[in-house]
Amino acid sequence: MRDKQQSAPSRSYDLRMENSCWKLILAFGVLLVSTHAEASFSRRMEDFIKAVQQVEDEDPGSEPVAVLKRLRRAAGLNDAFIQHFLANANSSGPELNANLSDYISKVVHHRVTEDGKEEGVVLTPDGTTVALRQLLLGIEAGLLSKHQGRVRGLYQLTLARDLSLSLRSLSQRLGSDGCWDNITSPQVFTLSDSPSLLTTAQVNGGMDGVVLGMEVSAKPRRPLKLSSLLTEYYCHQLDSRGLDAAPRLISRRRRENFKTLVVPPVLVRHVVKSEELQQRLTGRSEMEAKKKRQLTAAVKEGMKEFVHMYMECPPIIPRCMWDAKPYKGTPTILSLPLSFLFIHHTATPSQPCLTFEQCSADMRSMQRFHQEDRGWDDIGYSFVAGSDGNIYEGRGWHWQGAHTYGHNSKGFGVSFIGDYSFRLPSQHSMGLVRDQLASCAVGSGRLVADFTLQGHRQVVDTSCPGDALYAEIKTWAHFGEVKKQE
């Protein structure tokens with residue numbers, strides 16, 4: 001493969017904004033209650049919201065807590081641990097119709113099969129996958145709260161119970177992620193690595209459950225539809241300003257909202273409490289002080305990985321989720337840690353991408369140009385920043401890129417989608433790269449702590465990353481000078 005600077009495609013792409021969730025939901029009509037409901041409905045959040053609407057319509061005027069209890073009953077979420085914090089779901093009014101109940105059961109009940117298929121998860125419009133069990137339990141706990149900002153069982157129901165299983169086993173990898181069989185009409189989600197005791201979809205659902213559970217607990221008691229809450233949270237459309245002008249309570253801000261609510265020591269305490277409760281509920285003797293200290297120490301150690309992955313690192317969309325073509329040939333493996341971070345702009349596509357669909361299409365167009373027109377083995381960049389709140393995996397942490405001629409073995413190449421000759425990317429997208437991606441790389445040992453940040457033009461004869469963006473990165477920490485490649 002030729003190791004040359006990345007050059008963007010010569011054609012432009014004018015992609016339309018995705019339709020709002022409400023339009024998509026309404027388009028589904030009454031398919032869910034037909035005899036072909038399971039075949040007709042995918043594992044998209046929009047489909048699940050439509051199912052929630054059907055539950056609400058079956059019992060007009062029902063409170064959100066009653067709707068959540070009926071969802072729990074259909075999904076079988078009614079064990080002793082859950083009932084310790086929430087009401088018995090079996091006393092939740094009339095049964096759902098058979099087709100609706102079957103859909104709810106399959107889309108909410110979480111499990112990982114022996115062949116690595118994760119069930120009970122849905123694809124959200126922001127491109128992330130969410131486990132519905134943790135989400136719904138968190139919201140119900142919040143609605144039952146009698147005190148603003150204090151929600152009994154919130155952390156145990158959303159994250160702590162599952163974390164107690166995962167963090168005790170330090171040999172177990174945390175947070176397996178995966179990909180859908182089809183992004184347009186997803187049905188099967190397959191984990192990319194060997195299954196872990198706590199998957200990324202469970203963490204996403206848990207974080208959303210904490211955020212929304214705390215939010216509804218802080219609201220004065222008023223009529224609220226569960227379907228409306230989910231729509232507002234997952235389906236907000238960004239305008240040209242991206243996340244800089246977006247409301248606080250949306251799924252794209254999941255990690256930043258979670259960080260404002262949760263500090264690791266508190267989560268550690270709730271994990272230990274969950275284990276103690278589980279022992280009592282199963283008739284085992286009370287945990288001895290020595291064993292509790294050992295458990296706390298193990299959880300504290302395991303929590304470091306959780307904090308790094310989900311509170312320090314940005315959300316990274318894997319290659320399979322933007323439908324990347326395979327690498328041509330055999331990748332050159334980088335020798336980590338690297339010493340440089342090189343900043344680029346794509347120039348073309350020239351406009352920021354504001355949705356998962358648009359950013360994914362831009363990634364495919366750039367990969368196609370690099371492979372077919374340039375003759376490279378793959379998309380040149382290590383990572384690409386969209387304006388939708390995500391970082392997109394290019395060649396990633398381990399494969400040598402083709403982004404900065406003469407320096408590809410020395411640093412990662414990160415590009416912002418858009419032309420930044422006369423304007424800047426959104427403040428949010430710049431923060432994802434400057435603060436989160438760089439910190440993530442250092443914390444995982446992939447980038448040295450005293451790394452040097454460079455604009456593409458500093459080492460190659462090019463205008464990249466554009467005058468405006470280059471002037472901006474000169475103010476960033478770690479910015480430094482190097483000689484141009486002769």
# chains A, B, ... in the order shown; residues from 1 in each chain; ligands from 1

$ residues_around --residues "A:Ala246" --least-positions-apart "2" --cutoff "12 Å" --atoms "only C-alpha atoms" --output "PDB file with N, CA and C atoms, in the first residue's frame"
ATOM      1  N   GLU A 232     -38.549  12.107  23.042  1.00  0.00           N
ATOM      2  CA  GLU A 232     -37.777  13.326  23.272  1.00  0.00           C
ATOM      3  C   GLU A 232     -36.308  13.015  23.537  1.00  0.00           C
ATOM      4  N   TYR A 233     -36.047  11.930  24.224  1.00  0.00           N
ATOM      5  CA  TYR A 233     -34.683  11.588  24.612  1.00  0.00           C
ATOM      6  C   TYR A 233     -33.879  10.998  23.451  1.00  0.00           C
ATOM      7  N   CYS A 235     -34.818  10.796  20.023  1.00  0.00           N
ATOM      8  CA  CYS A 235     -35.117  11.171  18.648  1.00  0.00           C
ATOM      9  C   CYS A 235     -34.938  12.652  18.326  1.00  0.00           C
ATOM     10  N   HIS A 236     -34.212  13.364  19.163  1.00  0.00           N
ATOM     11  CA  HIS A 236     -34.003  14.789  18.888  1.00  0.00           C
ATOM     12  C   HIS A 236     -33.157  14.969  17.625  1.00  0.00           C
ATOM     13  N   GLN A 237     -33.603  15.874  16.744  1.00  0.00           N
ATOM     14  CA  GLN A 237     -32.866  16.176  15.520  1.00  0.00           C
ATOM     15  C   GLN A 237     -31.972  17.385  15.733  1.00  0.00           C
ATOM     16  N   LEU A 238     -30.711  17.245  15.396  1.00  0.00           N
ATOM     17  CA  LEU A 238     -29.757  18.340  15.523  1.00  0.00           C
ATOM     18  C   LEU A 238     -29.914  19.322  14.373  1.00  0.00           C
ATOM     19  N   ASP A 239     -29.698  20.611  14.650  1.00  0.00           N
ATOM     20  CA  ASP A 239     -29.654  21.585  13.565  1.00  0.00           C
ATOM     21  C   ASP A 239     -28.198  21.780  13.148  1.00  0.00           C
ATOM     22  N   SER A 240     -27.920  22.777  12.324  1.00  0.00           N
ATOM     23  CA  SER A 240     -26.585  22.958  11.753  1.00  0.00           C
ATOM     24  C   SER A 240     -25.518  23.222  12.810  1.00  0.00           C
ATOM     25  N   ARG A 241     -25.928  23.592  14.003  1.00  0.00           N
ATOM     26  CA  ARG A 241     -24.963  23.845  15.078  1.00  0.00           C
ATOM     27  C   ARG A 241     -24.587  22.577  15.836  1.00  0.00           C
ATOM     28  N   GLY A 242     -25.169  21.464  15.460  1.00  0.00           N
ATOM     29  CA  GLY A 242     -24.839  20.205  16.104  1.00  0.00           C
ATOM     30  C   GLY A 242     -25.205  20.187  17.571  1.00  0.00           C
ATOM     31  N   LEU A 243     -24.367  19.525  18.366  1.00  0.00           N
ATOM     32  CA  LEU A 243     -24.655  19.392  19.787  1.00  0.00           C
ATOM     33  C   LEU A 243     -24.420  20.674  20.561  1.00  0.00           C
ATOM     34  N   ASP A 244     -23.784  21.657  19.935  1.00  0.00           N
ATOM     35  CA  ASP A 244     -23.569  22.934  20.629  1.00  0.00           C
ATOM     36  C   ASP A 244     -24.891  23.600  21.009  1.00  0.00           C
ATOM     37  N   ARG A 248     -30.121  19.510  26.828  1.00  0.00           N
ATOM     38  CA  ARG A 248     -29.307  18.684  27.731  1.00  0.00           C
ATOM     39  C   ARG A 248     -29.735  17.227  27.727  1.00  0.00           C
ATOM     40  N   LEU A 249     -31.044  16.983  27.771  1.00  0.00           N
ATOM     41  CA  LEU A 249     -31.539  15.631  28.007  1.00  0.00           C
ATOM     42  C   LEU A 249     -31.810  14.893  26.696  1.00  0.00           C
ATOM     43  N   ILE A 250     -30.754  14.454  26.040  1.00  0.00           N
ATOM     44  CA  ILE A 250     -30.872  13.626  24.840  1.00  0.00           C
ATOM     45  C   ILE A 250     -29.835  12.520  24.920  1.00  0.00           C
ATOM     46  N   SER A 251     -30.081  11.435  24.197  1.00  0.00           N
ATOM     47  CA  SER A 251     -29.218  10.259  24.307  1.00  0.00           C
ATOM     48  C   SER A 251     -27.799  10.525  23.829  1.00  0.00           C
ATOM     49  N   ARG A 252     -27.619  11.477  22.917  1.00  0.00           N
ATOM     50  CA  ARG A 252     -26.273  11.784  22.454  1.00  0.00           C
ATOM     51  C   ARG A 252     -25.392  12.358  23.563  1.00  0.00           C
ATOM     52  N   ARG A 253     -26.021  12.850  24.625  1.00  0.00           N
ATOM     53  CA  ARG A 253     -25.272  13.378  25.769  1.00  0.00           C
ATOM     54  C   ARG A 253     -25.222  12.369  26.915  1.00  0.00           C
ATOM     55  N   LEU A 354     -24.583  15.316  10.747  1.00  0.00           N
ATOM     56  CA  LEU A 354     -25.342  15.546  11.979  1.00  0.00           C
ATOM     57  C   LEU A 354     -26.137  14.343  12.451  1.00  0.00           C
ATOM     58  N   SER A 387     -20.206  15.363  13.619  1.00  0.00           N
ATOM     59  CA  SER A 387     -20.853  16.398  14.432  1.00  0.00           C
ATOM     60  C   SER A 387     -22.131  15.871  15.062  1.00  0.00           C
ATOM     61  N   ASP A 388     -22.266  14.559  15.070  1.00  0.00           N
ATOM     62  CA  ASP A 388     -23.440  13.896  15.655  1.00  0.00           C
ATOM     63  C   ASP A 388     -23.186  13.417  17.071  1.00  0.00           C
ATOM     64  N   GLY A 389     -22.001  13.667  17.598  1.00  0.00           N
ATOM     65  CA  GLY A 389     -21.675  13.229  18.946  1.00  0.00           C
ATOM     66  C   GLY A 389     -20.857  11.959  18.996  1.00  0.00           C
ATOM     67  N   SER A 426     -17.989  21.991  15.386  1.00  0.00           N
ATOM     68  CA  SER A 426     -18.715  22.327  16.607  1.00  0.00           C
ATOM     69  C   SER A 426     -17.774  22.201  17.813  1.00  0.00           C
ATOM     70  N   GLN A 427     -18.039  22.984  18.836  1.00  0.00           N
ATOM     71  CA  GLN A 427     -17.236  22.903  20.047  1.00  0.00           C
ATOM     72  C   GLN A 427     -17.310  21.492  20.642  1.00  0.00           C
ATOM     73  N   HIS A 428     -18.480  20.880  20.542  1.00  0.00           N
ATOM     74  CA  HIS A 428     -18.649  19.536  21.101  1.00  0.00           C
ATOM     75  C   HIS A 428     -17.765  18.523  20.383  1.00  0.00           C
TER      76      HIS A 428
END

$ select_by_dssp --residues "stretch 158-276 of chain A" --states "strand (DSSP E or B)" --output "list in words"
Ser176, Gly178, Cys179, Trp180, Phe189, Thr190, Leu191 and Thr199 of chain A

$ write_last_selection --atoms "all heavy atoms" --output "short mmCIF file (atom, residue, chain, number, x, y, z; two decimals), in the first residue's frame"
data_model
loop_
_atom_site.label_atom_id
_atom_site.label_comp_id
_atom_site.auth_asym_id
_atom_site.auth_seq_id
_atom_site.Cartn_x
_atom_site.Cartn_y
_atom_site.Cartn_z
N SER A 176 -18.31 -6.00 26.14
CA SER A 176 -18.32 -6.47 24.75
C SER A 176 -19.30 -5.66 23.93
O SER A 176 -20.43 -5.38 24.37
CB SER A 176 -18.72 -7.95 24.69
OG SER A 176 -17.79 -8.75 25.37
N GLY A 178 -20.79 -4.98 19.67
CA GLY A 178 -21.08 -5.81 18.50
C GLY A 178 -21.68 -5.02 17.37
O GLY A 178 -21.57 -3.79 17.33
N CYS A 179 -22.33 -5.73 16.45
CA CYS A 179 -22.91 -5.08 15.28
C CYS A 179 -24.21 -5.76 14.88
O CYS A 179 -24.42 -6.95 15.15
CB CYS A 179 -21.93 -5.12 14.11
SG CYS A 179 -20.60 -3.91 14.28
N TRP A 180 -25.06 -4.99 14.21
CA TRP A 180 -26.35 -5.48 13.74
C TRP A 180 -26.22 -6.12 12.37
O TRP A 180 -25.33 -5.77 11.59
CB TRP A 180 -27.36 -4.34 13.69
CG TRP A 180 -27.77 -3.87 15.04
CD1 TRP A 180 -27.25 -2.83 15.75
CD2 TRP A 180 -28.80 -4.43 15.86
NE1 TRP A 180 -27.88 -2.72 16.97
CE2 TRP A 180 -28.84 -3.68 17.06
CE3 TRP A 180 -29.69 -5.50 15.70
CZ2 TRP A 180 -29.73 -3.96 18.09
CZ3 TRP A 180 -30.58 -5.78 16.72
CH2 TRP A 180 -30.60 -5.02 17.90
N PHE A 189 -28.31 -8.86 16.74
CA PHE A 189 -27.12 -8.16 17.20
C PHE A 189 -26.11 -9.19 17.66
O PHE A 189 -26.37 -9.98 18.56
CB PHE A 189 -27.47 -7.21 18.34
CG PHE A 189 -26.33 -6.32 18.76
CD1 PHE A 189 -25.94 -5.24 17.97
CD2 PHE A 189 -25.65 -6.54 19.94
CE1 PHE A 189 -24.90 -4.41 18.35
CE2 PHE A 189 -24.61 -5.71 20.34
CZ PHE A 189 -24.24 -4.64 19.54
N THR A 190 -24.93 -9.20 17.02
CA THR A 190 -23.91 -10.19 17.33
C THR A 190 -22.70 -9.52 17.95
O THR A 190 -22.18 -8.54 17.41
CB THR A 190 -23.47 -10.94 16.05
OG1 THR A 190 -24.63 -11.51 15.42
CG2 THR A 190 -22.47 -12.03 16.37
N LEU A 191 -22.26 -10.04 19.09
CA LEU A 191 -21.10 -9.48 19.76
C LEU A 191 -19.84 -9.75 18.94
O LEU A 191 -19.67 -10.85 18.39
CB LEU A 191 -20.96 -10.06 21.16
CG LEU A 191 -22.11 -9.72 22.12
CD1 LEU A 191 -21.97 -10.49 23.43
CD2 LEU A 191 -22.18 -8.23 22.38
N THR A 199 -22.22 -6.18 28.89
CA THR A 199 -21.97 -5.71 27.53
C THR A 199 -22.13 -4.19 27.45
O THR A 199 -22.70 -3.55 28.34
CB THR A 199 -22.96 -6.35 26.54
OG1 THR A 199 -24.28 -5.86 26.82
CG2 THR A 199 -22.93 -7.87 26.65
#

$ atom_distance --atom1 "atom CA of A:Ala141" --atom2 "atom CA of A:Thr113"
28.4 Å

$ closest_residue --among "A:Lys273, A:Lys225, A:Arg284, A:Arg293" --to "A:Arg161" --atoms "only C-alpha atoms"
A:Lys273

$ closest_residue --among "A:Ala441, A:Val460, A:Cys353, A:Ile316" --to "A:Leu336" --atoms "only C-alpha atoms"
A:Ala441

$ residues_around --residues "A:Gln278" --least-positions-apart "4" --cutoff "8 Å" --atoms "only C-alpha atoms" --output "PyMOL selection string"
chain A and resi 81+274+282

$ write_last_selection --atoms "C-alpha atoms" --output "mmCIF file, in the first residue's frame"
data_model
loop_
_atom_site.group_PDB
_atom_site.id
_atom_site.type_symbol
_atom_site.label_atom_id
_atom_site.label_comp_id
_atom_site.auth_asym_id
_atom_site.auth_seq_id
_atom_site.Cartn_x
_atom_site.Cartn_y
_atom_site.Cartn_z
ATOM 1 C CA PHE A 81 -34.414 -8.438 43.413
ATOM 2 C CA SER A 274 -26.348 -5.234 45.379
ATOM 3 C CA THR A 282 -31.355 -16.146 48.044
#

$ residues_around --residues "A:Asp79" --least-positions-apart "3" --cutoff "12 Å" --atoms "only C-alpha atoms" --output "PyMOL selection string"
chain A and resi 72-73+75-76+82-90+157+278+281-282

$ write_last_selection --atoms "N, CA, C and O atoms" --output "JSON list (two decimals), in the first residue's frame"
[["chain", "number", "residue", "atom", "x", "y", "z"],
["A", 72, "ARG", "N", -43.05, -4.75, 32.09],
["A", 72, "ARG", "CA", -42.25, -5.68, 32.91],
["A", 72, "ARG", "C", -42.89, -7.05, 32.97],
["A", 72, "ARG", "O", -42.21, -8.08, 32.91],
["A", 73, "ARG", "N", -44.21, -7.09, 33.13],
["A", 73, "ARG", "CA", -44.88, -8.38, 33.21],
["A", 73, "ARG", "C", -44.73, -9.15, 31.91],
["A", 73, "ARG", "O", -44.45, -10.35, 31.92],
["A", 75, "ALA", "N", -42.33, -8.94, 29.81],
["A", 75, "ALA", "CA", -40.93, -9.34, 29.62],
["A", 75, "ALA", "C", -40.43, -10.26, 30.72],
["A", 75, "ALA", "O", -39.29, -10.72, 30.66],
["A", 76, "GLY", "N", -41.25, -10.52, 31.74],
["A", 76, "GLY", "CA", -40.82, -11.39, 32.83],
["A", 76, "GLY", "C", -39.83, -10.75, 33.77],
["A", 76, "GLY", "O", -39.03, -11.46, 34.42],
["A", 82, "ILE", "N", -35.85, -7.34, 41.79],
["A", 82, "ILE", "CA", -36.61, -6.22, 41.24],
["A", 82, "ILE", "C", -37.77, -5.85, 42.15],
["A", 82, "ILE", "O", -38.02, -4.66, 42.43],
["A", 83, "GLN", "N", -38.48, -6.86, 42.66],
["A", 83, "GLN", "CA", -39.62, -6.58, 43.53],
["A", 83, "GLN", "C", -39.21, -5.94, 44.85],
["A", 83, "GLN", "O", -40.03, -5.30, 45.52],
["A", 84, "HIS", "N", -37.95, -6.10, 45.24],
["A", 84, "HIS", "CA", -37.48, -5.44, 46.46],
["A", 84, "HIS", "C", -37.57, -3.92, 46.33],
["A", 84, "HIS", "O", -37.78, -3.22, 47.34],
["A", 85, "PHE", "N", -37.45, -3.41, 45.10],
["A", 85, "PHE", "CA", -37.47, -1.97, 44.87],
["A", 85, "PHE", "C", -38.75, -1.51, 44.17],
["A", 85, "PHE", "O", -39.21, -0.38, 44.39],
["A", 86, "LEU", "N", -39.33, -2.36, 43.34],
["A", 86, "LEU", "CA", -40.51, -1.99, 42.55],
["A", 86, "LEU", "C", -41.68, -2.88, 42.92],
["A", 86, "LEU", "O", -41.51, -3.96, 43.50],
["A", 87, "ALA", "N", -42.86, -2.47, 42.54],
["A", 87, "ALA", "CA", -44.05, -3.26, 42.86],
["A", 87, "ALA", "C", -44.10, -4.55, 42.04],
["A", 87, "ALA", "O", -43.43, -4.68, 41.01],
["A", 88, "ASN", "N", -44.89, -5.49, 42.51],
["A", 88, "ASN", "CA", -45.10, -6.74, 41.79],
["A", 88, "ASN", "C", -45.78, -6.44, 40.46],
["A", 88, "ASN", "O", -46.87, -5.86, 40.42],
["A", 89, "ALA", "N", -45.15, -6.83, 39.38],
["A", 89, "ALA", "CA", -45.68, -6.52, 38.05],
["A", 89, "ALA", "C", -46.91, -7.35, 37.70],
["A", 89, "ALA", "O", -47.63, -7.02, 36.76],
["A", 90, "ASN", "N", -47.16, -8.42, 38.43],
["A", 90, "ASN", "CA", -48.29, -9.27, 38.10],
["A", 90, "ASN", "C", -49.63, -8.67, 38.48],
["A", 90, "ASN", "O", -50.68, -9.20, 38.14],
["A", 157, "LEU", "N", -30.78, -1.30, 40.18],
["A", 157, "LEU", "CA", -31.61, -1.82, 39.10],
["A", 157, "LEU", "C", -31.01, -1.58, 37.72],
["A", 157, "LEU", "O", -31.28, -2.35, 36.78],
["A", 278, "GLN", "N", -28.49, -9.51, 47.10],
["A", 278, "GLN", "CA", -28.67, -10.75, 46.36],
["A", 278, "GLN", "C", -28.46, -11.95, 47.28],
["A", 278, "GLN", "O", -29.19, -12.95, 47.20],
["A", 281, "LEU", "N", -31.57, -12.27, 49.58],
["A", 281, "LEU", "CA", -32.77, -12.71, 48.87],
["A", 281, "LEU", "C", -32.71, -14.19, 48.49],
["A", 281, "LEU", "O", -33.74, -14.83, 48.28],
["A", 282, "THR", "N", -31.51, -14.73, 48.40],
["A", 282, "THR", "CA", -31.35, -16.15, 48.04],
["A", 282, "THR", "C", -31.12, -17.02, 49.27],
["A", 282, "THR", "O", -30.76, -18.20, 49.14]]

$ closest_residue --among "A:Lys50, A:Ala80, A:Asp59, A:His109" --to "A:Glu95" --atoms "only C-alpha atoms"
A:Asp59

$ closest_residue --among "A:Gly142, A:Gly206, A:Pro265, A:Pro331" --to "A:Ala297" --atoms "only C-alpha atoms"
A:Pro265

$ select_by_dssp --residues "stretch 259-424 of chain A" --states "helix (DSSP H, G or I)" --output "PyMOL selection string"
chain A and resi 259-261+264-281+289-312+319-322+356-373

$ residues_around --residues "A:Glu56" --least-positions-apart "3" --cutoff "12 Å" --atoms "only C-alpha atoms" --output "list in words"
Ile49, Lys50, Ala51, Val52, Gln53, Asp59, Pro60, Gly61, Ser62, Glu63, Pro64, Val65, Ala66, Val67, Leu68, Lys69, Arg70, Leu71, Leu96, Leu100, Leu224, Lys225, Leu226, Ser227 and Ser228 of chain A

$ write_last_selection --atoms "N, CA, C and O atoms" --output "mmCIF file, in the first residue's frame"
data_model
loop_
_atom_site.group_PDB
_atom_site.id
_atom_site.type_symbol
_atom_site.label_atom_id
_atom_site.label_comp_id
_atom_site.auth_asym_id
_atom_site.auth_seq_id
_atom_site.Cartn_x
_atom_site.Cartn_y
_atom_site.Cartn_z
ATOM 1 N N ILE A 49 -40.796 2.210 20.665
ATOM 2 C CA ILE A 49 -41.644 3.318 21.099
ATOM 3 C C ILE A 49 -43.064 3.141 20.566
ATOM 4 O O ILE A 49 -44.051 3.426 21.255
ATOM 5 N N LYS A 50 -43.178 2.646 19.343
ATOM 6 C CA LYS A 50 -44.507 2.375 18.795
ATOM 7 C C LYS A 50 -45.224 1.304 19.622
ATOM 8 O O LYS A 50 -46.430 1.404 19.881
ATOM 9 N N ALA A 51 -44.470 0.306 20.056
ATOM 10 C CA ALA A 51 -45.066 -0.729 20.898
ATOM 11 C C ALA A 51 -45.549 -0.130 22.223
ATOM 12 O O ALA A 51 -46.615 -0.487 22.730
ATOM 13 N N VAL A 52 -44.763 0.771 22.789
ATOM 14 C CA VAL A 52 -45.169 1.443 24.023
ATOM 15 C C VAL A 52 -46.460 2.227 23.786
ATOM 16 O O VAL A 52 -47.368 2.224 24.627
ATOM 17 N N GLN A 53 -46.560 2.887 22.636
ATOM 18 C CA GLN A 53 -47.790 3.604 22.298
ATOM 19 C C GLN A 53 -48.984 2.656 22.251
ATOM 20 O O GLN A 53 -50.094 3.011 22.684
ATOM 21 N N ASP A 59 -54.981 1.092 27.208
ATOM 22 C CA ASP A 59 -55.539 1.524 28.493
ATOM 23 C C ASP A 59 -55.401 3.046 28.582
ATOM 24 O O ASP A 59 -54.537 3.567 29.298
ATOM 25 N N PRO A 60 -56.222 3.778 27.841
ATOM 26 C CA PRO A 60 -56.102 5.237 27.783
ATOM 27 C C PRO A 60 -56.147 5.866 29.180
ATOM 28 O O PRO A 60 -56.931 5.458 30.030
ATOM 29 N N GLY A 61 -55.287 6.835 29.392
ATOM 30 C CA GLY A 61 -55.245 7.515 30.668
ATOM 31 C C GLY A 61 -54.384 6.836 31.708
ATOM 32 O O GLY A 61 -54.258 7.334 32.841
ATOM 33 N N SER A 62 -53.806 5.692 31.366
ATOM 34 C CA SER A 62 -52.974 4.989 32.342
ATOM 35 C C SER A 62 -51.697 5.773 32.610
ATOM 36 O O SER A 62 -51.114 6.388 31.717
ATOM 37 N N GLU A 63 -51.261 5.760 33.850
ATOM 38 C CA GLU A 63 -50.039 6.448 34.250
ATOM 39 C C GLU A 63 -48.817 5.699 33.707
ATOM 40 O O GLU A 63 -48.868 4.477 33.504
ATOM 41 N N PRO A 64 -47.711 6.412 33.526
ATOM 42 C CA PRO A 64 -46.489 5.760 33.026
ATOM 43 C C PRO A 64 -46.035 4.583 33.884
ATOM 44 O O PRO A 64 -45.546 3.588 33.346
ATOM 45 N N VAL A 65 -46.194 4.673 35.202
ATOM 46 C CA VAL A 65 -45.795 3.560 36.067
ATOM 47 C C VAL A 65 -46.608 2.311 35.733
ATOM 48 O O VAL A 65 -46.077 1.195 35.692
ATOM 49 N N ALA A 66 -47.908 2.480 35.468
ATOM 50 C CA ALA A 66 -48.751 1.335 35.111
ATOM 51 C C ALA A 66 -48.310 0.742 33.780
ATOM 52 O O ALA A 66 -48.299 -0.489 33.607
ATOM 53 N N VAL A 67 -47.951 1.597 32.838
ATOM 54 C CA VAL A 67 -47.456 1.115 31.546
ATOM 55 C C VAL A 67 -46.159 0.343 31.731
ATOM 56 O O VAL A 67 -45.963 -0.741 31.159
ATOM 57 N N LEU A 68 -45.261 0.866 32.543
ATOM 58 C CA LEU A 68 -43.986 0.196 32.787
ATOM 59 C C LEU A 68 -44.186 -1.156 33.466
ATOM 60 O O LEU A 68 -43.496 -2.133 33.143
ATOM 61 N N LYS A 69 -45.130 -1.253 34.381
ATOM 62 C CA LYS A 69 -45.410 -2.532 35.036
ATOM 63 C C LYS A 69 -45.937 -3.551 34.042
ATOM 64 O O LYS A 69 -45.583 -4.739 34.099
ATOM 65 N N ARG A 70 -46.771 -3.117 33.103
ATOM 66 C CA ARG A 70 -47.300 -4.048 32.091
ATOM 67 C C ARG A 70 -46.181 -4.513 31.156
ATOM 68 O O ARG A 70 -46.148 -5.679 30.740
ATOM 69 N N LEU A 71 -45.253 -3.610 30.842
ATOM 70 C CA LEU A 71 -44.089 -3.999 30.036
ATOM 71 C C LEU A 71 -43.231 -5.002 30.791
ATOM 72 O O LEU A 71 -42.758 -5.992 30.217
ATOM 73 N N LEU A 96 -51.629 -7.850 28.007
ATOM 74 C CA LEU A 96 -51.496 -7.310 26.660
ATOM 75 C C LEU A 96 -51.983 -8.343 25.666
ATOM 76 O O LEU A 96 -52.000 -9.549 25.955
ATOM 77 N N LEU A 100 -48.582 -8.328 20.811
ATOM 78 C CA LEU A 100 -47.856 -7.253 21.459
ATOM 79 C C LEU A 100 -47.016 -7.788 22.609
ATOM 80 O O LEU A 100 -45.852 -7.411 22.782
ATOM 81 N N LEU A 224 -47.664 12.216 32.174
ATOM 82 C CA LEU A 224 -46.524 12.031 31.301
ATOM 83 C C LEU A 224 -46.687 10.714 30.564
ATOM 84 O O LEU A 224 -47.014 9.702 31.176
ATOM 85 N N LYS A 225 -46.463 10.739 29.285
ATOM 86 C CA LYS A 225 -46.502 9.498 28.519
ATOM 87 C C LYS A 225 -45.085 8.962 28.380
ATOM 88 O O LYS A 225 -44.175 9.694 28.018
ATOM 89 N N LEU A 226 -44.927 7.687 28.647
ATOM 90 C CA LEU A 226 -43.630 7.051 28.499
ATOM 91 C C LEU A 226 -43.123 7.178 27.067
ATOM 92 O O LEU A 226 -41.932 7.446 26.835
ATOM 93 N N SER A 227 -44.014 7.002 26.092
ATOM 94 C CA SER A 227 -43.599 7.097 24.692
ATOM 95 C C SER A 227 -43.070 8.487 24.362
ATOM 96 O O SER A 227 -42.114 8.637 23.585
ATOM 97 N N SER A 228 -43.664 9.524 24.961
ATOM 98 C CA SER A 228 -43.191 10.889 24.722
ATOM 99 C C SER A 228 -41.814 11.113 25.329
ATOM 100 O O SER A 228 -40.942 11.740 24.715
#

$ residues_around --residues "A:Met366" --least-positions-apart "3" --cutoff "9 Å" --atoms "only C-alpha atoms" --output "list of chain:residue names"
A:Ala8, A:Pro9, A:Thr346, A:Thr348, A:Pro349, A:Ala361, A:Asp362, A:Met363, A:Phe369, A:His370, A:Gln371, A:Ile379, A:Gly380

$ residues_around --residues "A:Ala477" --least-positions-apart "6" --cutoff "9 Å" --atoms "only C-alpha atoms" --output "number ranges by chain"
A: 434, 452-453

$ write_last_selection --atoms "N, CA and C atoms" --output "PDB file, in the first residue's frame"
ATOM      1  N   ARG A 434     -10.130  16.554  21.307  1.00  0.00           N
ATOM      2  CA  ARG A 434      -9.107  17.220  22.135  1.00  0.00           C
ATOM      3  C   ARG A 434      -9.055  16.663  23.555  1.00  0.00           C
ATOM      4  N   THR A 452       2.724  14.696  21.158  1.00  0.00           N
ATOM      5  CA  THR A 452       2.720  15.955  20.419  1.00  0.00           C
ATOM      6  C   THR A 452       1.550  15.971  19.451  1.00  0.00           C
ATOM      7  N   LEU A 453       0.784  17.038  19.462  1.00  0.00           N
ATOM      8  CA  LEU A 453      -0.348  17.205  18.548  1.00  0.00           C
ATOM      9  C   LEU A 453       0.072  18.113  17.402  1.00  0.00           C
TER      10      LEU A 453
END

$ atom_distance --atom1 "atom CA of A:Glu312" --atom2 "atom CA of A:Ala298"
20.5 Å

$ atom_distance --atom1 "atom CA of A:Pro318" --atom2 "atom CA of A:Val384"
11.1 Å

$ closest_residue --among "A:Met287, A:Leu341, A:Val210, A:Val307" --to "A:Gly138" --atoms "only C-alpha atoms"
A:Val210

$ closest_residue --among "A:Gly205, A:Gly396, A:Gly93, A:Gly445" --to "A:Gly120" --atoms "only C-alpha atoms"
A:Gly205
